[in-house]
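In what follows, a single structure is set out as C-alpha cells and then discussed.
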Amino acid sequence: MTTPARTAPAQGRHPGPGGATAFWKRKKFMIVAAVVLLALAYLIIVGIQNAAMYYLTAGELLAKGESIGERVRLGGTVAQDSVHAVSGGMTLHFDVTDGQQSIPVTYQGVVPDAFTPGGEVVVEGALTPEGTFNADILLAKCPSKYVPSI
Amino acid sequence: MTDIGSMSLMVAFLVALYVMVAASLGKALNYRELADSARAGLLAAAGLLTLASAAMVYAFVTRDFTIQYVYQYSSSDMSLPYTIAAWWAGQAGSLLLWAWVLSIMGVVVVWQNRRQNLALLTVIIAVIAGVLAFFLGLATFVSNPFDKLPFSAAEGEGLNPLLENMGMFFHPTTLYLGYVGFTIPFAFAIAALVSNRLDDQWIRSTRRWTLFAWFFLGVGNLFGAQWAYVELGWGGYMGWDPVENASIMPWLAGTAYLHSVMIQQRRGMLKVWNMALIIATFALSIFGTFLTRSGVLSSVHTFSVGPMGPLFVSFILVVLAVSVGLLWYRLPQLRSESEMDSLVSRESSFLFNNLLLVGVAFAMFWGTVFPLISEAVTGTKVTVGPPFYNQVIPPILLALLAIMAVCPLIGWRKASRSNLLRNFLRPFVTSLAMPIALVALGVTNVWAVGSSWILAFVVATATLEFYRGLRARRRTRGEDPFRGLPRLVASNKPRYGGLIVHLGFVVMAAGVVASSLFSTSVEGVLQPGDSLDIKNYQVTYRGLKEYQTASNQVVSASLEISKGGRFLQTMQAEKYYHRNHDNPVTEVGLRSTLMEDLYIILAGWDDNAGSATFKILVNPMVTWIWLGGGVLLLGTVIAIWPDRRERDRLVRREQHVLEREVARVQP
C-alpha cells in the first residue's frame, strides 16, 4: 500500500486562485454530511414515533380514559397475595399497584427469575374492555441487594 | 486489617486531593519541587489503595462479617474464587476497584513517561488525581466498603445467585479496565490542551492505552452479553437495557476516536473533532459507571434517588465544562493543517465512519434518556423499547460495515479511477456470490441477503489486501504464503491487526444478523414422554427430579434431544433456589454448535399433574458472536504489540521536527 507522507498544508485556505474550488469542495462535503445527518435524524425520529409508548402507573392508566387497546408500559409494584399461576407457569395473574389503585394483569410467557410478589415490575401490553391488562412482556426489577438504592 | 483498610482508603483520598492541587499549582507556578511531590504522591496513593484492596480481599477471605459489605455480599459456604469476586458485587467495593485500577494505571503512566512527555506529565498527573479523588471521595464518604455492620452477625447474606457464574470474574473486571483505561488518553488530551502542545504527540503516546481500553470495554460487553445469554434465561444476549446501552456508548465513541486520530496523524486534520471525541468517550465512561452503579437494572426505571446520582451528574458536568472550556480556549491553535480534497478518499471515508459511529451512539443515548426528556418536556413519561433500537441501529451498522469494506483500501487525498477499479472491482463482483448463494438456498429475507453481501464485500477487500501483500513477498523474497503471512502481518502490525479486527466484526455481525432474524421458538406443557418439535429437533421430556447442593435446592428437568430421528444427547434444564434468596435462578439447557444453539428454558412445573412447561429456542449462529470476539482479541494483540519499526519511525520523525525547529531558530 502506498502511504503518502504528511502533506504540506493545502493552499485552499488563502484567498487566491485556489479559493473558489476550495470553497466548492468544502460545500460538497457540507452537503453530503448534511444528507447523512438528516438521514440519521429521520431514522431516529421515525423510530421514536413508531416505538414510543406511554409509561404509566396504575392510577395514571385508569385516569387516562380512552386507553383501551393502546399498547403501553405499566409500572408499579406487584400486590402481595395477588399472584397466581395457571397451567404450569406460562400464564400468570397478578395485580400491579401504585399504592392507591391497582390493575389486574394477565401475563403470557416465561416468568423472569427476578419476579417476586411485592417487587417492582414493568409490564407491556394493553388494557382490555373488561379492565384486565394483557401483557406479553414482563420486566422485573431485580429486588436483590446487587443494587442497593443509597 | 479492617482499620488498615479504611485508614488507607481515607489517606489515599487526602493524598489524591493533594496530588491534584500540587500538580496543578506546580504547573501553574512552574514550581518543579511541587510537581515532583505530586508524582511521588500518585505513587503513594497507588500503594495505599493496593493496601486497602488487600484489606478488602482479606476481609472477604477471612469471612469478617463485622464489615457490612462483606456481610451483604458473601457467606461462609461460598467458594474462594466467588468470595474474592464478591469484592465487585456491590457499589462500595466497585468504587474501590475502580480507584485502585486507576491508581495502578497512573503509576504505569508515570513510569512510561519518566523520560518523555515531561511537559505533559504534571497535568496528566493532576487529571488522574482529580478523577481518583472523585471516586475515592465517594468510596470514603458516600459508600464506604469498610463500614461496620451496626449489629453482629455470625453468617453473611451471600452473593446473589445470579452473580455466581463465570461471567462474574470476566464481565465487571474487563468492563472496568475499559472504563478506567479511557481516563489515560483523556488525561493526555487535557494535558496537551493545557500545555499548548497540540501536535499529535499526545495521540501517539496514548495509542496503546486507547486500544487497551477500547478492547477491554468491547470484550467486557461481549462477556456481559454471553452472561445474559446463559444466565438470564430469556433466549437473547442483548436487551437494549439502559445499563447495556451505557457501556456500549463509550465504546462507540472510542471506536470513532481510534479511527479519526489516524487522519490527524497523517494529514493534521480533525484536531478539534479528536479532542471532542476523547472528551465524549471519557464522559460517557463515567456516565456508564454511574448508570451501572446507581441502581438501574432491567427496567426503564432509571436514576435512583440518593446522593450518588447528583454527585455523578455534577462530576460529569464539571468534566465537560472544564474540557470544553479548554478546547474553546485553544481553538485557534487547533486549526487544520490541510483540507479535505475529495469525497472519494480515505479521509472522507473516515469522516463518514465517524459520523455514523457517533450517530449510533447518539441514537442509543437518545433512546436511553428519552423517558427523562419526554417527562421534562411534556409531563408524561414516554419510553422506547427494543423496537426503537431494532429499527434504528441495524441500518446504521450496515452502512458502517459497507464503509469498513472501502476504507482500508481507498486512496488518500483523492482516490483515482484506477485505484478504485484496481481495489474494488474484483471484491465487489466476487462478493455478489454470497447473496446469490443465499437466494439459491431459499433465503428470501431482504435484510439477510443484503447484509450477507456487505459482509462478503468486507471479507473480499481484506482478502485482496492480504493476497497482494503475500504475492509481493513471494516475488521479492520468494516466501511461500505460510511463512509469508506472519511476516507480512509483522511488517505493519497496526494495519494488519486492524484488518483482522475488522474481520472479527464481520464474524460477529454474521452471528448477530442470523440470530436476530432467524430465531425460532416453541412453548408447551409436557407430560413425561411428550415431546416438542422445533426445526428438525425433537425434544422429549423425560421427567423431573430434585436434588440438593451446598447452598441450592435444584429442580432439574431431563430432556432427550434427537435431530432428524437420530438421538443426540440428554440435556438438563434447571431452576436453582438459593437458601438465602427468594428468587430462583434459571440454568438453561444449552447445546451450542457452530450453526445453531438449542436453548431450553424450564419455565415451570406442576407437581400434582407431573407436567412441566418449557420454552425452547433455536438461535442460529450465536457461537459466531463469541468466535468473532476471539478474532477481535487476536487483531488487537497484533495491533498493540511492540514494534521496532514504529519506534524507529517515531525517532526519525522526532529528529526531523527537531531539525526543523533548529533551522527556524538559526536562519
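Chain identifiers are assigned as A, B, and so on, following the order in which chains appear in the C-alpha cells; residues are numbered from 1 within each chain, and ligands are numbered from 1 in order of appearance.
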
**Request:** as a ChimeraX atom specification, list the residues of range 172-393 of chain B assigned to helix (DSSP H, G or I) by DSSP on the backbone atoms of this structure.
**Result:** /B:172-181,183-195,201-205,207-231,242-267,271-293,308-329,331-334,346-378,386-393

**Prompt:** For chain A, which residue out of B:Ser491, B:Ser285, B:Thr292, B:Thr2 is the nearest one, using only C-alpha atoms?
**Reply:** B:Thr292

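Within 6 Å of chain A, counting only C-alpha atoms, chain B contributes Gly90, Arg266, Arg267, Gly295, Ser298, Ser299, Gly306, Glu337, Ser338, Glu339, Lys381, Val382, Thr383, Val384, Pro387, Phe388, Val392, Asn583, Pro584, Val585, Ala603, Gly604, Trp605, Asp606 and Thr613 of chain B.
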
**Prompt:** So which one's closest to Val70 in chain B, B:Lys148, B:Lys493, B:Arg483, B:Arg471? Using only C-alpha atoms, please.
**Reply:**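 Checking each of B:Lys148, B:Lys493, B:Arg483, B:Arg471 against Val70 in chain B, counting only C-alpha atoms, the winner is B:Lys148.
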
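As for CA of Val522 in chain B and CA of Gly233 in chain B, they are spaced 14.6 Å apart.
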
**Request:** From the DSSP assignment of the backbone, select every residue of range 32-131 of chain A that is strand (DSSP E or B), and format the answer as an MDAnalysis selection string.
**Result:** chainID A and resid 52:56 68 72:78 84:86 91:97 102:108 120:127

**Request:** Could you please determine the separation between CA of Leu397 in chain B and CA of Ile454 in chain B in Å, to one decimal place?
**Result:** 10.8 Å

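Minimum distance to Thr97 in chain A across A:Ile68, A:Leu127, A:Ala135, A:Leu61 (counting only C-alpha atoms) occurs at A:Leu61.
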
Just the residues within 12 Å of Trp227 in chain B, please, counting only C-alpha atoms, with nothing from its chain fewer than 5 positions along; format it as a short mmCIF file (atom, residue, chain, number, x, y, z; two decimals) with all heavy atoms, in the first residue's frame.
data_model
loop_
_atom_site.label_atom_id
_atom_site.label_comp_id
_atom_site.auth_asym_id
_atom_site.auth_seq_id
_atom_site.Cartn_x
_atom_site.Cartn_y
_atom_site.Cartn_z
N LEU B 162 -27.56 -15.08 41.00
CA LEU B 162 -27.40 -14.70 39.59
C LEU B 162 -25.94 -14.38 39.27
O LEU B 162 -25.49 -14.51 38.14
CB LEU B 162 -28.23 -13.45 39.28
CG LEU B 162 -29.65 -13.64 38.80
CD1 LEU B 162 -30.28 -12.28 38.59
CD2 LEU B 162 -29.69 -14.44 37.53
N LEU B 163 -25.21 -13.90 40.29
CA LEU B 163 -23.83 -13.49 40.07
C LEU B 163 -22.86 -14.65 40.17
O LEU B 163 -21.68 -14.49 39.89
CB LEU B 163 -23.44 -12.40 41.07
CG LEU B 163 -24.29 -11.14 41.05
CD1 LEU B 163 -23.77 -10.12 42.04
CD2 LEU B 163 -24.32 -10.53 39.67
N GLU B 164 -23.36 -15.81 40.62
CA GLU B 164 -22.46 -16.96 40.72
C GLU B 164 -22.37 -17.64 39.36
O GLU B 164 -22.99 -18.65 39.09
CB GLU B 164 -22.94 -17.93 41.80
CG GLU B 164 -22.69 -17.37 43.18
CD GLU B 164 -22.58 -18.46 44.24
OE1 GLU B 164 -22.24 -19.59 43.90
OE2 GLU B 164 -22.85 -18.13 45.41
N ASN B 165 -21.59 -17.03 38.53
CA ASN B 165 -21.42 -17.51 37.18
C ASN B 165 -20.03 -17.07 36.75
O ASN B 165 -19.50 -16.07 37.27
CB ASN B 165 -22.49 -16.83 36.29
CG ASN B 165 -22.38 -17.23 34.84
OD1 ASN B 165 -21.50 -16.75 34.13
ND2 ASN B 165 -23.26 -18.08 34.40
N MET B 166 -19.43 -17.81 35.84
CA MET B 166 -18.09 -17.42 35.37
C MET B 166 -18.04 -15.96 34.92
O MET B 166 -17.03 -15.29 35.02
CB MET B 166 -17.68 -18.32 34.20
CG MET B 166 -17.26 -19.71 34.61
SD MET B 166 -15.97 -19.69 35.85
CE MET B 166 -14.56 -19.40 34.80
N GLY B 167 -19.18 -15.49 34.41
CA GLY B 167 -19.24 -14.10 33.96
C GLY B 167 -18.81 -13.12 35.03
O GLY B 167 -18.26 -12.06 34.74
N MET B 168 -19.04 -13.47 36.30
CA MET B 168 -18.72 -12.57 37.40
C MET B 168 -17.22 -12.25 37.44
O MET B 168 -16.83 -11.17 37.89
CB MET B 168 -19.16 -13.24 38.71
CG MET B 168 -18.99 -12.39 39.94
SD MET B 168 -19.98 -10.89 39.85
CE MET B 168 -19.41 -10.05 41.32
N PHE B 169 -16.38 -13.18 36.98
CA PHE B 169 -14.94 -12.92 37.00
C PHE B 169 -14.52 -12.05 35.82
O PHE B 169 -13.59 -11.26 35.92
CB PHE B 169 -14.15 -14.23 36.96
CG PHE B 169 -14.47 -15.14 38.09
CD1 PHE B 169 -15.17 -16.32 37.91
CD2 PHE B 169 -14.08 -14.78 39.38
CE1 PHE B 169 -15.48 -17.14 38.96
CE2 PHE B 169 -14.40 -15.61 40.45
CZ PHE B 169 -15.09 -16.78 40.24
N PHE B 170 -15.20 -12.22 34.69
CA PHE B 170 -14.71 -11.57 33.47
C PHE B 170 -15.44 -10.29 33.11
O PHE B 170 -14.84 -9.33 32.66
CB PHE B 170 -14.80 -12.55 32.30
CG PHE B 170 -14.00 -13.78 32.52
CD1 PHE B 170 -14.60 -15.02 32.62
CD2 PHE B 170 -12.62 -13.69 32.64
CE1 PHE B 170 -13.85 -16.15 32.83
CE2 PHE B 170 -11.86 -14.82 32.84
CZ PHE B 170 -12.47 -16.05 32.94
N HIS B 171 -16.77 -10.28 33.31
CA HIS B 171 -17.53 -9.15 32.81
C HIS B 171 -17.25 -7.83 33.55
O HIS B 171 -16.83 -6.86 32.92
CB HIS B 171 -19.02 -9.50 32.82
CG HIS B 171 -19.94 -8.37 32.51
ND1 HIS B 171 -19.84 -7.64 31.36
CD2 HIS B 171 -20.96 -7.84 33.21
CE1 HIS B 171 -20.78 -6.70 31.36
NE2 HIS B 171 -21.46 -6.80 32.47
N PRO B 172 -17.41 -7.78 34.88
CA PRO B 172 -17.16 -6.49 35.54
C PRO B 172 -15.71 -6.04 35.43
O PRO B 172 -15.43 -4.87 35.21
CB PRO B 172 -17.52 -6.77 37.01
CG PRO B 172 -18.34 -8.00 37.00
CD PRO B 172 -17.86 -8.80 35.84
N GLY B 220 -15.63 -6.61 27.45
CA GLY B 220 -16.48 -6.59 28.63
C GLY B 220 -17.95 -6.67 28.23
O GLY B 220 -18.73 -7.39 28.84
N ASN B 221 -18.30 -5.95 27.18
CA ASN B 221 -19.67 -6.02 26.69
C ASN B 221 -20.01 -7.40 26.17
O ASN B 221 -21.11 -7.91 26.38
CB ASN B 221 -19.89 -4.98 25.58
CG ASN B 221 -20.23 -3.62 26.16
OD1 ASN B 221 -21.15 -3.51 26.93
ND2 ASN B 221 -19.46 -2.62 25.81
N LEU B 222 -19.05 -8.02 25.47
CA LEU B 222 -19.28 -9.37 24.96
C LEU B 222 -19.49 -10.36 26.10
O LEU B 222 -20.39 -11.19 26.05
CB LEU B 222 -18.09 -9.82 24.12
CG LEU B 222 -18.14 -9.51 22.63
CD1 LEU B 222 -16.93 -10.10 21.96
CD2 LEU B 222 -19.41 -10.09 22.01
N LEU B 232 -29.70 -15.27 32.21
CA LEU B 232 -30.97 -14.59 32.44
C LEU B 232 -32.15 -15.36 31.89
O LEU B 232 -33.28 -15.10 32.22
CB LEU B 232 -30.93 -13.16 31.89
CG LEU B 232 -29.97 -12.24 32.63
CD1 LEU B 232 -30.05 -10.83 32.10
CD2 LEU B 232 -30.24 -12.23 34.13
N GLY B 233 -31.86 -16.31 31.01
CA GLY B 233 -32.89 -17.24 30.60
C GLY B 233 -34.06 -16.64 29.84
O GLY B 233 -35.21 -16.99 30.07
N TRP B 234 -33.79 -15.74 28.93
CA TRP B 234 -34.89 -15.32 28.06
C TRP B 234 -34.54 -15.55 26.60
O TRP B 234 -35.28 -15.21 25.70
CB TRP B 234 -35.30 -13.87 28.31
CG TRP B 234 -34.18 -12.88 28.24
CD1 TRP B 234 -33.30 -12.60 29.22
CD2 TRP B 234 -33.82 -12.06 27.12
NE1 TRP B 234 -32.39 -11.65 28.78
CE2 TRP B 234 -32.70 -11.30 27.51
CE3 TRP B 234 -34.34 -11.89 25.84
CZ2 TRP B 234 -32.07 -10.40 26.66
CZ3 TRP B 234 -33.73 -10.97 25.00
CH2 TRP B 234 -32.61 -10.25 25.41
N GLY B 235 -33.38 -16.14 26.35
CA GLY B 235 -33.07 -16.57 24.99
C GLY B 235 -32.28 -15.59 24.17
O GLY B 235 -31.93 -15.87 23.04
N GLY B 236 -32.01 -14.41 24.72
CA GLY B 236 -31.28 -13.41 23.94
C GLY B 236 -30.02 -12.97 24.67
O GLY B 236 -29.76 -13.39 25.79
N TYR B 237 -29.23 -12.14 24.00
CA TYR B 237 -27.98 -11.70 24.59
C TYR B 237 -27.92 -10.18 24.75
O TYR B 237 -26.97 -9.63 25.28
CB TYR B 237 -26.78 -12.18 23.76
CG TYR B 237 -26.99 -12.02 22.26
CD1 TYR B 237 -26.78 -10.81 21.65
CD2 TYR B 237 -27.43 -13.09 21.48
CE1 TYR B 237 -27.00 -10.65 20.30
CE2 TYR B 237 -27.64 -12.94 20.13
CZ TYR B 237 -27.43 -11.72 19.54
OH TYR B 237 -27.65 -11.55 18.21
N MET B 238 -28.93 -9.50 24.22
CA MET B 238 -28.89 -8.04 24.27
C MET B 238 -30.32 -7.56 24.38
O MET B 238 -31.13 -7.81 23.50
CB MET B 238 -28.23 -7.53 22.97
CG MET B 238 -28.26 -6.04 22.78
SD MET B 238 -26.98 -5.24 23.75
CE MET B 238 -27.54 -3.54 23.65
N GLU B 587 -31.18 -22.14 35.03
CA GLU B 587 -29.99 -22.68 34.38
C GLU B 587 -30.48 -23.32 33.10
O GLU B 587 -31.09 -24.38 33.12
CB GLU B 587 -29.32 -23.70 35.32
CG GLU B 587 -27.86 -23.96 35.09
CD GLU B 587 -27.00 -22.73 35.33
OE1 GLU B 587 -27.23 -22.03 36.35
OE2 GLU B 587 -26.11 -22.49 34.53
N VAL B 588 -30.28 -22.64 31.97
CA VAL B 588 -30.87 -23.13 30.73
C VAL B 588 -30.11 -24.35 30.25
O VAL B 588 -28.92 -24.53 30.54
CB VAL B 588 -30.87 -22.07 29.63
CG1 VAL B 588 -31.72 -20.89 30.03
CG2 VAL B 588 -29.47 -21.63 29.28
N TRP B 626 -19.33 -15.06 19.70
CA TRP B 626 -18.21 -15.26 20.65
C TRP B 626 -16.92 -15.54 19.87
O TRP B 626 -15.84 -15.08 20.27
CB TRP B 626 -18.52 -16.39 21.62
CG TRP B 626 -19.95 -16.52 22.06
CD1 TRP B 626 -20.70 -17.65 22.09
CD2 TRP B 626 -20.83 -15.48 22.54
NE1 TRP B 626 -21.96 -17.39 22.54
CE2 TRP B 626 -22.08 -16.07 22.81
CE3 TRP B 626 -20.70 -14.08 22.74
CZ2 TRP B 626 -23.18 -15.35 23.29
CZ3 TRP B 626 -21.79 -13.37 23.20
CH2 TRP B 626 -23.00 -14.00 23.47
#
